[in-house]
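Here's the structure we're looking at; comments come further down.
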Amino acid sequence: MSRIDARLKDLGLTLPAPPAPVASYVPFTITAGGIVHVAGQVSRDTAGGGVTGKLGGGVTLEQGQAAARICAINLMAQLKAATGGDLDRVRRVLKLNVFVNVTPDFDPIPQVANGCSDLFVEVFGDVGRHARSAVGVANLPMGFAVEVDGVFEIA
Amino acid sequence: MSRIDARLKDLGLTLPAPPAPVASYVPFTITAGGIVHVAGQVSRDTAGGGVTGKLGGGVTLEQGQAAARICAINLMAQLKAATGGDLDRVRRVLKLNVFVNVTPDFDPIPQVANGCSDLFVEVFGDVGRHARSAVGVANLPMGFAVEVDGVFEIA
Amino acid sequence: MSRIDARLKDLGLTLPAPPAPVASYVPFTITAGGIVHVAGQVSRDTAGGGVTGKLGGGVTLEQGQAAARICAINLMAQLKAATGGDLDRVRRVLKLNVFVNVTPDFDPIPQVANGCSDLFVEVFGDVGRHARSAVGVANLPMGFAVEVDGVFEIA
């Protein structure tokens, strides 16, 4: 068992089968230099449910954080596929872009995004520390509450 | 004629002169390692028209898809300039970021974005399969309906 | 004094201490190949103030441009840290992503973003010429008016 798989187990986390894109694209690409671009992952869980709706319009901060955490899990599932199953090959989480579905008056956006960022650090340690942008958008695919994409460096 | 130029011709597509940025920046940059960042391209066509307005607020899904397709054509025009005219040098479309101008209740955002993604696959085949994010934004430059930027790997 | 530090001095600009992230992430990451991803910088100035609010909803175009300029200064401060204090190591500003906090009817978004882009060109010259996306979003962290992140190549 890889170091990161052991860490996931310690945290009681099981990665789902990587979610299929909802449209005509692929879940990730890898450059010759080992940079992985993972497609935006929405806050849809493996059971086909998840968190939809707007922060500031019915979705609470805690629900938003849970939504961002689902996005992190989905990103890790894609990343596991991109590394051929060995998450120990992840050298660095370079950048996460967090899009939060908000009403125009909702602004504790970093607190929502931390639901994603914190899990990356819990699972990957220093390798998981990343640059990030977090913005509030007018809507997201199928009304999901959060979408996150990422750039990663792998060995 | 390059393979991709032949494919464009088969599809009846003519790339426009690459649109000039509407502001103080350049249409693309290239790293030492051959990664091209292309600036956001809006849904403005060569004739100076294009698709403006909001999905959910007067712009139909079909018009939104046509708008996303215009963005793809403009990205390809920039990419042709970035490759010195030889689109066969494109190794991979790594990532597209699709921003759709929406009212807060419009959420079939992936369907709109497919107007862009599908054309990349039609023209480039497997090389055109990309990671993607698609989000709904509050507005776009000059009220255009769609804006797409991209990251590409070239030989 | 480095060439870029001299240029900053000529322009009467002093870079602040790089702003600390407002959440659980780091201000920048660097790949093995020398690509720097800098986290989104909001329009908060060193004094703890800055520009908050929406373009089209109380914030004027001129205030928005000033906000975008603050983001540029904060990005440069982070970039100075990323280069170990030597901004002459910056080979190219590859891409800037500009998020403007707008009401749904405000669309002169490129003009706002120029407040950031212009300063990069003033300070870095040709090295500062970058690809860019600029979009209008529903809200930003703590209600700031502008957020900008960037990708840079360093020696």
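Each chain in the structure tokens gets a letter, A, B, ..., in the order shown, and its residues are numbered from 1; ligands are numbered from 1 in order too.
Near chain B, counting only C-alpha atoms at 6 Å, the chain C residues are Leu94, Pro104, Asp107, Pro108, Ile109, Arg129, His130, Ala131, Arg132, Ser133, Val135, Gly136, Val137 and Ala138 of chain C.
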Keeping only C-alpha atoms, write the selected residues as an mmCIF file, in the first residue's frame.
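To be explicit, this is the file written out as result_28.cif:
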```
data_model
loop_
_atom_site.group_PDB
_atom_site.id
_atom_site.type_symbol
_atom_site.label_atom_id
_atom_site.label_comp_id
_atom_site.auth_asym_id
_atom_site.auth_seq_id
_atom_site.Cartn_x
_atom_site.Cartn_y
_atom_site.Cartn_z
ATOM 1 C CA LEU C 94 2.883 33.862 -18.973
ATOM 2 C CA PRO C 104 -24.687 41.609 -14.085
ATOM 3 C CA ASP C 107 -19.162 44.851 -19.014
ATOM 4 C CA PRO C 108 -16.124 47.146 -19.551
ATOM 5 C CA ILE C 109 -14.159 44.400 -17.840
ATOM 6 C CA ARG C 129 3.607 41.116 -21.797
ATOM 7 C CA HIS C 130 1.199 38.300 -20.963
ATOM 8 C CA ALA C 131 -1.773 36.290 -22.109
ATOM 9 C CA ARG C 132 -4.847 37.158 -20.059
ATOM 10 C CA SER C 133 -8.411 36.253 -19.281
ATOM 11 C CA VAL C 135 -14.244 37.837 -16.472
ATOM 12 C CA GLY C 136 -16.940 39.362 -14.277
ATOM 13 C CA VAL C 137 -17.838 37.314 -11.203
ATOM 14 C CA ALA C 138 -20.731 37.380 -8.741
#
```
Expected answer as a PyMOL selection string: strand (DSSP E or B) residues in stretch 38-99 of chain B:
chain B and resi 38-42+44+50+52+55+59+90-99
Which one is closest to C:Ile73: C:Phe124, C:Val59, C:Asp45, C:Pro110? Count only C-alpha atoms.
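Answer, going by the shortest atom-to-atom distance: C:Asp45.
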If we count only C-alpha atoms and set the cut-off at 8 Å, which residues sit around A:Ala67, ignoring sequence neighbours fewer than 6 positions away in its own chain? Please answer as a tab-separated table (two decimals) with C-alpha atoms, in the first residue's frame.
```
chain	number	residue	atom	x	y	z
A	43	SER	CA	-19.62	18.65	-5.64
A	44	ARG	CA	-21.34	15.46	-6.76
A	50	GLY	CA	-23.96	15.79	-3.58
A	51	VAL	CA	-24.42	19.46	-2.80
A	115	GLY	CA	-13.06	22.50	2.70
A	145	ALA	CA	-22.49	24.37	-5.16
A	146	VAL	CA	-18.74	24.11	-5.80
```
Write down as a ChimeraX atom specification the residues of stretch 76-119 of chain B whose backbone DSSP state falls under helix (DSSP H, G or I).
/B:76-82,87-89,109-119
Shell of 10 Å around A:Asp86, only C-alpha atoms, local chain residues under 4 positions omitted, as a list in words
Met1, Ser2, Arg3, Ile4, Asp5, Leu79, Lys80, Ala81, Ala82 and Val90 of chain A
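Among the candidates A:Val121, A:Asp10, A:Ala72, A:Asp105, the residue lying nearest to A:Gly57 is A:Asp105 (atoms considered: only C-alpha atoms).
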